[in-house]
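To start, the structure itself, in C-alpha cells.
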Protein chains: 4
Amino acid sequence: MSDELTAVVVGGSGFTGGELLRILSEHPHIEVVQATSRQYENRTIGSVHPNLRDSELRFQDPSDLASADLLFAATPHGVSMGQIDAFFDAADTVVDLSADFRLETVDQYEEWYDGHDSPAYLDRAQYALPELYREELPGAELIASGGCNATVTILGLYPLVESGLLDNVENVVVDVKVGSSEGGAGGGAASSHPERSGIVRPYAPTGHRHVAEIEQTLDLSVAFTAHAVDMIRGAAATCHVFPGQPVRTKELWSAYRDVYEDEPFMGLAAGGRGVYRYPEPKVLAGTNRCDVGFEVDPSNRRLVVFSALDNMMKGAAGQAVHATNIALGLEETAGLEFPGMHPVGAP
Amino acid sequence: MSDELTAVVVGGSGFTGGELLRILSEHPHIEVVQATSRQYENRTIGSVHPNLRDSELRFQDPSDLASADLLFAATPHGVSMGQIDAFFDAADTVVDLSADFRLETVDQYEEWYDGHDSPAYLDRAQYALPELYREELPGAELIASGGCNATVTILGLYPLVESGLLDNVENVVVDVKVGSSEGGAGGGAASSHPERSGIVRPYAPTGHRHVAEIEQTLDLSVAFTAHAVDMIRGAAATCHVFPGQPVRTKELWSAYRDVYEDEPFMGLAAGGRGVYRYPEPKVLAGTNRCDVGFEVDPSNRRLVVFSALDNMMKGAAGQAVHATNIALGLEETAGLEFPGMHPVGAP
Amino acid sequence: MSDELTAVVVGGSGFTGGELLRILSEHPHIEVVQATSRQYENRTIGSVHPNLRDSELRFQDPSDLASADLLFAATPHGVSMGQIDAFFDAADTVVDLSADFRLETVDQYEEWYDGHDSPAYLDRAQYALPELYREELPGAELIASGGCNATVTILGLYPLVESGLLDNVENVVVDVKVGSSEGGAGGGAASSHPERSGIVRPYAPTGHRHVAEIEQTLDLSVAFTAHAVDMIRGAAATCHVFPGQPVRTKELWSAYRDVYEDEPFMGLAAGGRGVYRYPEPKVLAGTNRCDVGFEVDPSNRRLVVFSALDNMMKGAAGQAVHATNIALGLEETAGLEFPGMHPVGAP
Amino acid sequence: MSDELTAVVVGGSGFTGGELLRILSEHPHIEVVQATSRQYENRTIGSVHPNLRDSELRFQDPSDLASADLLFAATPHGVSMGQIDAFFDAADTVVDLSADFRLETVDQYEEWYDGHDSPAYLDRAQYALPELYREELPGAELIASGGCNATVTILGLYPLVESGLLDNVENVVVDVKVGSSEGGAGGGAASSHPERSGIVRPYAPTGHRHVAEIEQTLDLSVAFTAHAVDMIRGAAATCHVFPGQPVRTKELWSAYRDVYEDEPFMGLAAGGRGVYRYPEPKVLAGTNRCDVGFEVDPSNRRLVVFSALDNMMKGAAGQAVHATNIALGLEETAGLEFPGMHPVGAP
C-alpha cells in the first residue's frame, strides 16, 4: 500500500469539495492531482479555502479532466448524473457525494427529484454508509455516499431496526437540527449572517428529500422535520420512537453495542456525568465520527434516540473517504483520524 | 386608571426579575417601589441589569418587604411556597412566576417536585396563560404565571384541542429548543460560554417538569424532549401530531384563527414567501408575542406545529404582566408593546 | 403637539429603513404614510421585517412619492444626492441617513467618495449628531444624520476635544469593532453565515470613509481601523489617546460629565463592579443610547476611551429620529425610550 | 527516533491540558503515561474532554507523579513555581505552560505578579517562542512556553523589530481580541453564556500581565488593551505602529518574508482577493499556525499589523509541543499538522 493513488476532485471550491481537499492533503495513500472549479479557475485552492493556503494546487476547468485512479464528485445534485460518462473516462473509481446515485430506481428519482439522466448507472452504484454496507464496498466502481441528514438519522435508528425493536412500528418522528454549512457556499438572503444567526428555523417542515434515502435504507416510514440552528457544521437528529412493547435501557445498550462495538467511527453517549452526556455535534466538528445515544421515557413507552455528526465530514467528505478506503483495501481510518477539539464553539 | 399602582419585585436580581423591572419601568400604571435581592443588597438595580442603569432603585433584603398593591415573585422553585404568607402580608395581589402554584393538587407536586409547603393556597391560585384563562383572571389574588416551555407548547397545541382535532390522539411528540437564559443567572460549567456555545444539547431527554403543566392544561399526553441551542432568549416548540383522520390546511387555519384572531399577542406564521415563514424565536426577542404556525405532511397524516416565544417575556415576565393587567382591569397591552427588532442575532 | 406629522420612508426594505419603520410605528407624533421599495413593491412591510407583521402598510415604488411633512431617506450612498429635488417636492423636511450630505464641501466628496451630484444642497444640510449640534437643528430642512462608525468615535472623543485634553495631540488610534448589520440586507459570500460567523476580520484596515466625518467634526487626525466581529447590531470603538501631559481619572470624569450630564441618550461606564464595567454594544441593542467610558494607563500616559452603540439605532435610525424630534420641537426622546434587554446575546 | 518518549501532563482537566492530551494522543514519538487532576481523579480523560472519549487514561492525583521523560505543566499561574522541584524529580525535561518561568528576573515577578517562589530556576528556564529562540531550545531542561496574547503580539511585531523599522518608535498600540477559552474551564458570572455571548468587552483596558513578556522580548514599549469577543478559541492582535519615516509595502513584505519564510507554522496574509484577506483566528482553530499581515496607511504614516492564532494551540499547547519537538530533536511539526477547517464558525 505504499503506492500513491491519484485523485481528481470535481467541484473543489464548494464546502464539501474543500473538505475533501483537506482530508486528502493529509491522506497517506491518496494524492490529489486535480481540483476543478469553473468559478475559480487558475486560482489557488487556498484562495477559497484558507486552511489550504500552503498548497500549490490551482483550480482547473472541469471540462478537461485529468486521468486518475479516483474521481470524487462534490457537485450539486444533477451534475454527476449528466457527467458520469466523462467521470469514468477519467477515472476507474468514481465517488459521488451528491444525491445522484443514492436511490435505487428511476421511479424514486421521479418522485423525489426531477427524474434521472443516466438510469443505467443506478444498478452499478453502491450506496455507502460504511457501517451498513462494508461488505459490498470492496471493488465498487461507483460509490454513492450518503447524505448528511440521512446518515445521521440512519445511524441513530439502524441498531433498533437490526434488533427488531422497530418491527411493527408504523412511524418514527425525526426532528433534525442542522448548521449553515448545509446550505453550501454562497447562499441568499436567508443565509446571510444577520438573518441566519441565532435562529431556530423550520427550513424543511415536511418533504425533505433525504427521507427517500432513509426509508429506502431502513424500510421504515419516518415523519421528518429539519430545523436550521446557529452552528456552521453539524447535524443532530432526535428520533422519537414508540415501540410496541416496553423496552429496557439494558436492551438498548445491547442493541447499539452489537452493531457499533467494533466500528472505528461510532461512539455511544447515553447519560453519565459531566457536561457532554448525549451526542452533540460540536464535539465532533472536523472528525469523521458519529455519536449515538438514547433514553427511555417510562411514562409513555417512548424511546428518544440522539445522533450527531459533522455534516461536512461523517455526513459528506469523511464518509466518502471512509467508503473509498474500504473499497480500495486501504486502512479504514486513513486520513480520518483527527479526534476533534475541546472546547470548541459553533464550528 | 390614572392612579399608580405600587409593586414589589422579589428576586429582582435574576434574569426574570430584571425583565419584570424593565417592563414595569415603562408601565404606565405600575410603579416599582421595592426590588429585593439578598446577594446584591444596597447595590443599584443597574449594577446587575445594565439596561436599567438610569434607575435610582437599590436592591433591598427580602426579609423586610414594603407594602404595595402588587407583589411579583421571581424566585426559584420552592421559595414562594414558603414565603406566601409574608407575600400576602405585604401586598393584596401576588403574581408568582415560579412553578409553586401552577399545579392544582399536592399529589402533582409530589409526583413532579418535592411536595408542597402551603397546599392551602393551591385552590386560591389562578394559573395564567391569559389566552386560555382570560375570564378567570379579573380579581384573582394569586396568579401563577405559566412556565416558558409549557407556555410555548400549550399555545401551539391549544387550537387543535379546542377544534377537536386531537380527540382520540394518544400522544403528541413535543421537541423543544431553548436558549441559555432559561438556566438563569450564574450557572455552572455546562453554562459557561466555551461549553455552552454552538450546542444542540439534549438537556431534558425525558421527564421535564413542565410536562405536568402541559398535561394538566390540555388534558393530553405529551412525549416531551428539550434541547439547549445557541441562543440566549427564546423557546421554540415543534409538535409532531398524528390526528386520526386526514386534516386539510384550511381547517388548520380556521382552528388557529378561531382561537387567536383577537389576541393581542398571538401571531400566525405558516408558510408564505420571504425569510421568516414559520415561527422563530429570534424575531420575538424582547416582545410579549408568541407566534404559531403549522404544516401538513400528506405522506403520513402528520401535522407539524411550530410555536416560538421569548422565554423571558411571553414565557415569564411579559406573560405575568399581561395576566396582571387583565386581573386589575388595565389595558391588556400596557407595558408590553415593544414590537421586537429586525435584524437581530442570538438575543 | 397633538397633531400628527406624516412621514415617508424611502428605502424601507433595508435594515435601516426597517428600523425607522419600527421606531415610527411607536412614535407618538409621527405617522408613516408611505414606505418605498423597488424590490418588494406591493408586499407588506412585515413580509421583510418580521417584527412589523401587524402593520397593514405595503411597500410602494419610490418613483411615486406621497406628500408628507417629513421624508426619511434610508438609501445607499449616492441615491439621495440624485433624488434630493424629488424629496423636497414631496416633503418639507428631509432627513437623510446616507453619507450624501454629511460632508461640507465638494472637495471632500471627491476625495472620499465619487464626487457629488447636487453640491448646491451641501450648504443647506445640517450634519446631525444631536449632542454636538442641538442648537443648529431647530428648523433645519435637510438633516444629514451621522454614520455609525463616525458617531461612535466622535461621541467617545468629543469630551476630550472640548476639555482641551487633545490639544497638540497629533494622532488618535481608533480601533473599531462592528456587527454584520452594517453590511446591509443581502450581502455576498463574505457576509454568509458560514464565512461571517466567529470572525475577527479586518474589513477596513485603513481608508474607511467615515474618517472624513470624524476629522471634519473633531478637527483631529485619526488612525482608524475597523474589524468585523460576531454580532449583528453594534459598533464599539476603542480610542488610544496619548495626551501631551499626564491626565488624572478625576479630570476625565469631569470632562465627560460636563458634556454629557444632561444628555438623555448618553451613559458613562468606567470601571466599577459587576460584569458590565465598560461600554458594551450588546447592552444597548435596540436602544438609542451610546455609552462611553475610559481608563488611564499610567505606564505610558495613554488614555483608553471606549464607546459603544447600536449601529442601527444611535448609529442610524434612532439618531435620525432624535435629530428630527429636536428639529421639529417634539420631546427629544419621543419614540426612543426602549431601555434595552438583559441578558441578550449577539443582537 | 522510533523510541517512544513518555510524558506526564499535570493539570490535565483544564482547557490547555486537554489540548495537550489531544495533541500528544496523535504525536508519533511521545506517549502520555499520566494525566493529573485533583477534581476529576479516577475519571477518564474523556469524561471531561469529550473529543478524547476513546482513551482509557484516567486522571490521577498530582501528588503522586509518575516518572517520565517529559512533564508538561498546564496549571494556573503560581502552581509550577511551587512544584518545580517535584516536577524535576519526576521528569528530565519540564515544559511549563504557565507564566511562572517566562520572565527573567524576580523584580519583574514582583512588578507584574506576586513575586516568585523559586527564583533559582529563572536562569535555567528557556522562554519559548520557537520562531525567536529556536537555537536556544535544543537541550533545554525547563521550557517556559509563551502566553497566548504575548505570542500573537510578538509574532506580529517581531519582523518589524528585526528589520529596524521600529527603531526610535516610542510606543506601539496593541489592540487584542480574544475568545472565551482564555478564561479557562469553569468561570464565573461574566463567563456564563448569557453574559458572555455577543460581546465586545474591554476586559483588560490596561495593565495586562502579558505586557511584561512582550516588552522583555521585543525591548519595546506597548500600549496594550484586550477585548473579549464572541468566539471560543482565538486571539487576534491589531498593532498600530507609527514608524519615524514612511514605509513602503514592499519593505514590509521583505521584512516579514526574511523572518518567517522558512517557518513551518507562520503564514502571511496581507490583502489579495477573496473573503480571507488578512489574518483571522477562526481560520486557524485547532492548528499550530499563526498568520500575520499588514497594511500601510499613507495618510498618517501608520502601519497596521494583524496577527492571529488559536490561543489554545499556537498560543499554548501547540507552541509548547513545538518547542519540545525542537528541544528533543524531533521533527518540528510532529503532532502539529492539522491544517484547520473551512468553513468553521466560532471555534
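Order determines the names: the first chain of the C-alpha cells is A, the second B, and so forth; residues in each chain are numbered 1 upward, and ligands are numbered 1 upward as they are shown.
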Practice prompt. Considering only C-alpha atoms, return as a PyMOL selection string whatever protein or nucleic-acid residues lie within 9 Å of Thr44 (chain B), sequence-local ones (same chain, fewer than 2 positions apart) excluded.
Written response: chain B and resi 40-42+46-49+52-53+55-59
Worksheet item: What residues in chain C lie within 8 Å of chain B, counting only C-alpha atoms, written as a PyMOL selection string?
Response: chain C and resi 15+18-19+22+47-52+181+231-233+273-276+283-284+286+338-347
Discussion item. Just to confirm, what's the straight-line distance from CA of Leu137 (chain C) to CA of His322 (chain C) in Å (one decimal)?
Written reply: 10.3 Å
I need the strand (DSSP E) residues of region 46-171 of chain A per DSSP on the backbone, written as an mmCIF file with C-alpha atoms, in the first residue's frame.
```cif
data_model
loop_
_atom_site.group_PDB
_atom_site.id
_atom_site.type_symbol
_atom_site.label_atom_id
_atom_site.label_comp_id
_atom_site.auth_asym_id
_atom_site.auth_seq_id
_atom_site.Cartn_x
_atom_site.Cartn_y
_atom_site.Cartn_z
ATOM 1 C CA PHE A 59 -8.398 25.032 -9.727
ATOM 2 C CA GLN A 60 -8.835 23.893 -13.311
ATOM 3 C CA ALA A 68 -6.553 9.422 -12.172
ATOM 4 C CA ASP A 69 -7.314 6.341 -10.143
ATOM 5 C CA LEU A 70 -10.156 8.043 -8.347
ATOM 6 C CA LEU A 71 -12.606 10.820 -9.055
ATOM 7 C CA PHE A 72 -14.569 12.473 -6.269
ATOM 8 C CA ALA A 73 -17.575 14.496 -7.392
ATOM 9 C CA ALA A 91 -11.019 7.525 -13.522
ATOM 10 C CA ASP A 92 -11.527 3.903 -12.627
ATOM 11 C CA THR A 93 -13.470 4.587 -9.487
ATOM 12 C CA VAL A 94 -15.998 7.358 -9.061
ATOM 13 C CA VAL A 95 -17.104 8.523 -5.643
ATOM 14 C CA ASP A 96 -20.157 10.718 -5.881
ATOM 15 C CA ALA A 125 -23.814 2.282 -7.813
ATOM 16 C CA GLN A 126 -23.144 1.205 -4.261
ATOM 17 C CA TYR A 127 -24.852 3.369 -1.641
ATOM 18 C CA ALA A 128 -22.350 3.956 1.091
ATOM 19 C CA LEU A 142 -19.366 3.879 -8.376
ATOM 20 C CA ILE A 143 -19.802 4.822 -4.757
ATOM 21 C CA ALA A 144 -22.825 6.946 -3.811
ATOM 22 C CA SER A 145 -22.001 8.489 -0.489
#
```
Worksheet, complete the sentence: Residue with the minimum atom-to-atom distance to Gly147 (chain A), picked from A:Ser63, A:Gln108, A:Gln34, A:Ser98 with only C-alpha atoms counted, is A:Ser98
Fill in: Shell of 12 Å around Lys250 (chain B), only C-alpha atoms, local chain residues under 4 positions omitted, as a ChimeraX atom specification
/B:246,254-257,270,294-296
Residues from last step as file, N, CA and C atoms, as an mmCIF file, in the first residue's frame:
```cif
data_model
loop_
_atom_site.group_PDB
_atom_site.id
_atom_site.type_symbol
_atom_site.label_atom_id
_atom_site.label_comp_id
_atom_site.auth_asym_id
_atom_site.auth_seq_id
_atom_site.Cartn_x
_atom_site.Cartn_y
_atom_site.Cartn_z
ATOM 1 N N PRO B 246 -57.301 12.443 8.078
ATOM 2 C CA PRO B 246 -56.602 13.471 7.305
ATOM 3 C C PRO B 246 -57.125 14.871 7.668
ATOM 4 N N SER B 254 -58.491 27.724 10.069
ATOM 5 C CA SER B 254 -59.707 28.044 10.832
ATOM 6 C C SER B 254 -59.513 27.795 12.316
ATOM 7 N N ALA B 255 -58.937 26.667 12.639
ATOM 8 C CA ALA B 255 -58.770 26.316 14.049
ATOM 9 C C ALA B 255 -57.930 27.365 14.777
ATOM 10 N N TYR B 256 -56.863 27.805 14.139
ATOM 11 C CA TYR B 256 -55.976 28.770 14.800
ATOM 12 C C TYR B 256 -56.582 30.167 14.811
ATOM 13 N N ARG B 257 -57.226 30.528 13.700
ATOM 14 C CA ARG B 257 -57.838 31.858 13.680
ATOM 15 C C ARG B 257 -58.983 31.973 14.671
ATOM 16 N N ALA B 270 -47.356 30.747 8.832
ATOM 17 C CA ALA B 270 -47.472 29.380 8.321
ATOM 18 C C ALA B 270 -47.219 29.373 6.825
ATOM 19 N N PHE B 294 -47.919 26.071 11.229
ATOM 20 C CA PHE B 294 -48.124 24.625 11.057
ATOM 21 C C PHE B 294 -47.894 24.234 9.610
ATOM 22 N N GLU B 295 -47.792 22.969 9.392
ATOM 23 C CA GLU B 295 -47.680 22.419 8.037
ATOM 24 C C GLU B 295 -48.275 21.017 8.079
ATOM 25 N N VAL B 296 -48.902 20.630 6.989
ATOM 26 C CA VAL B 296 -49.468 19.279 6.901
ATOM 27 C C VAL B 296 -48.532 18.400 6.082
#
```
Discussion item. For region 331-334 of chain C, find every residue with an atom within 7 Å (counting only C-alpha atoms), except residues of its own chain fewer than 5 positions away, and show them as a PyMOL selection string.
Written reply: chain C and resi 27-28+322+325-326
Filtering to C-alpha atoms, could you give me those residues as a compact mmCIF listing (two decimals), in the first residue's frame?
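See part38.txt below for the written result:
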```
# COMPACT_ATOMS: atom_id res chain seq x y z
CA HIS C 27 -43.76 57.35 17.75
CA PRO C 28 -46.48 59.45 19.40
CA HIS C 322 -33.69 62.12 17.69
CA ASN C 325 -37.58 65.42 17.23
CA ILE C 326 -35.30 68.35 18.02
```
Worksheet item: Where in region 27-196 of chain C does DSSP assign helix (DSSP H, G or I), given as a ChimeraX atom specification?
Response: /C:45-47,50-52,79-90,106-112,119-124,130-133,148-162,180-183,189-191,193-196
Worksheet entry | Residues within 8 Å of Trp112 (chain D), only C-alpha atoms, excluding chain neighbours under 2 positions, as a list in words | Gln108, Tyr109, Glu110, Asp114, Arg209 and Ala212 of chain D
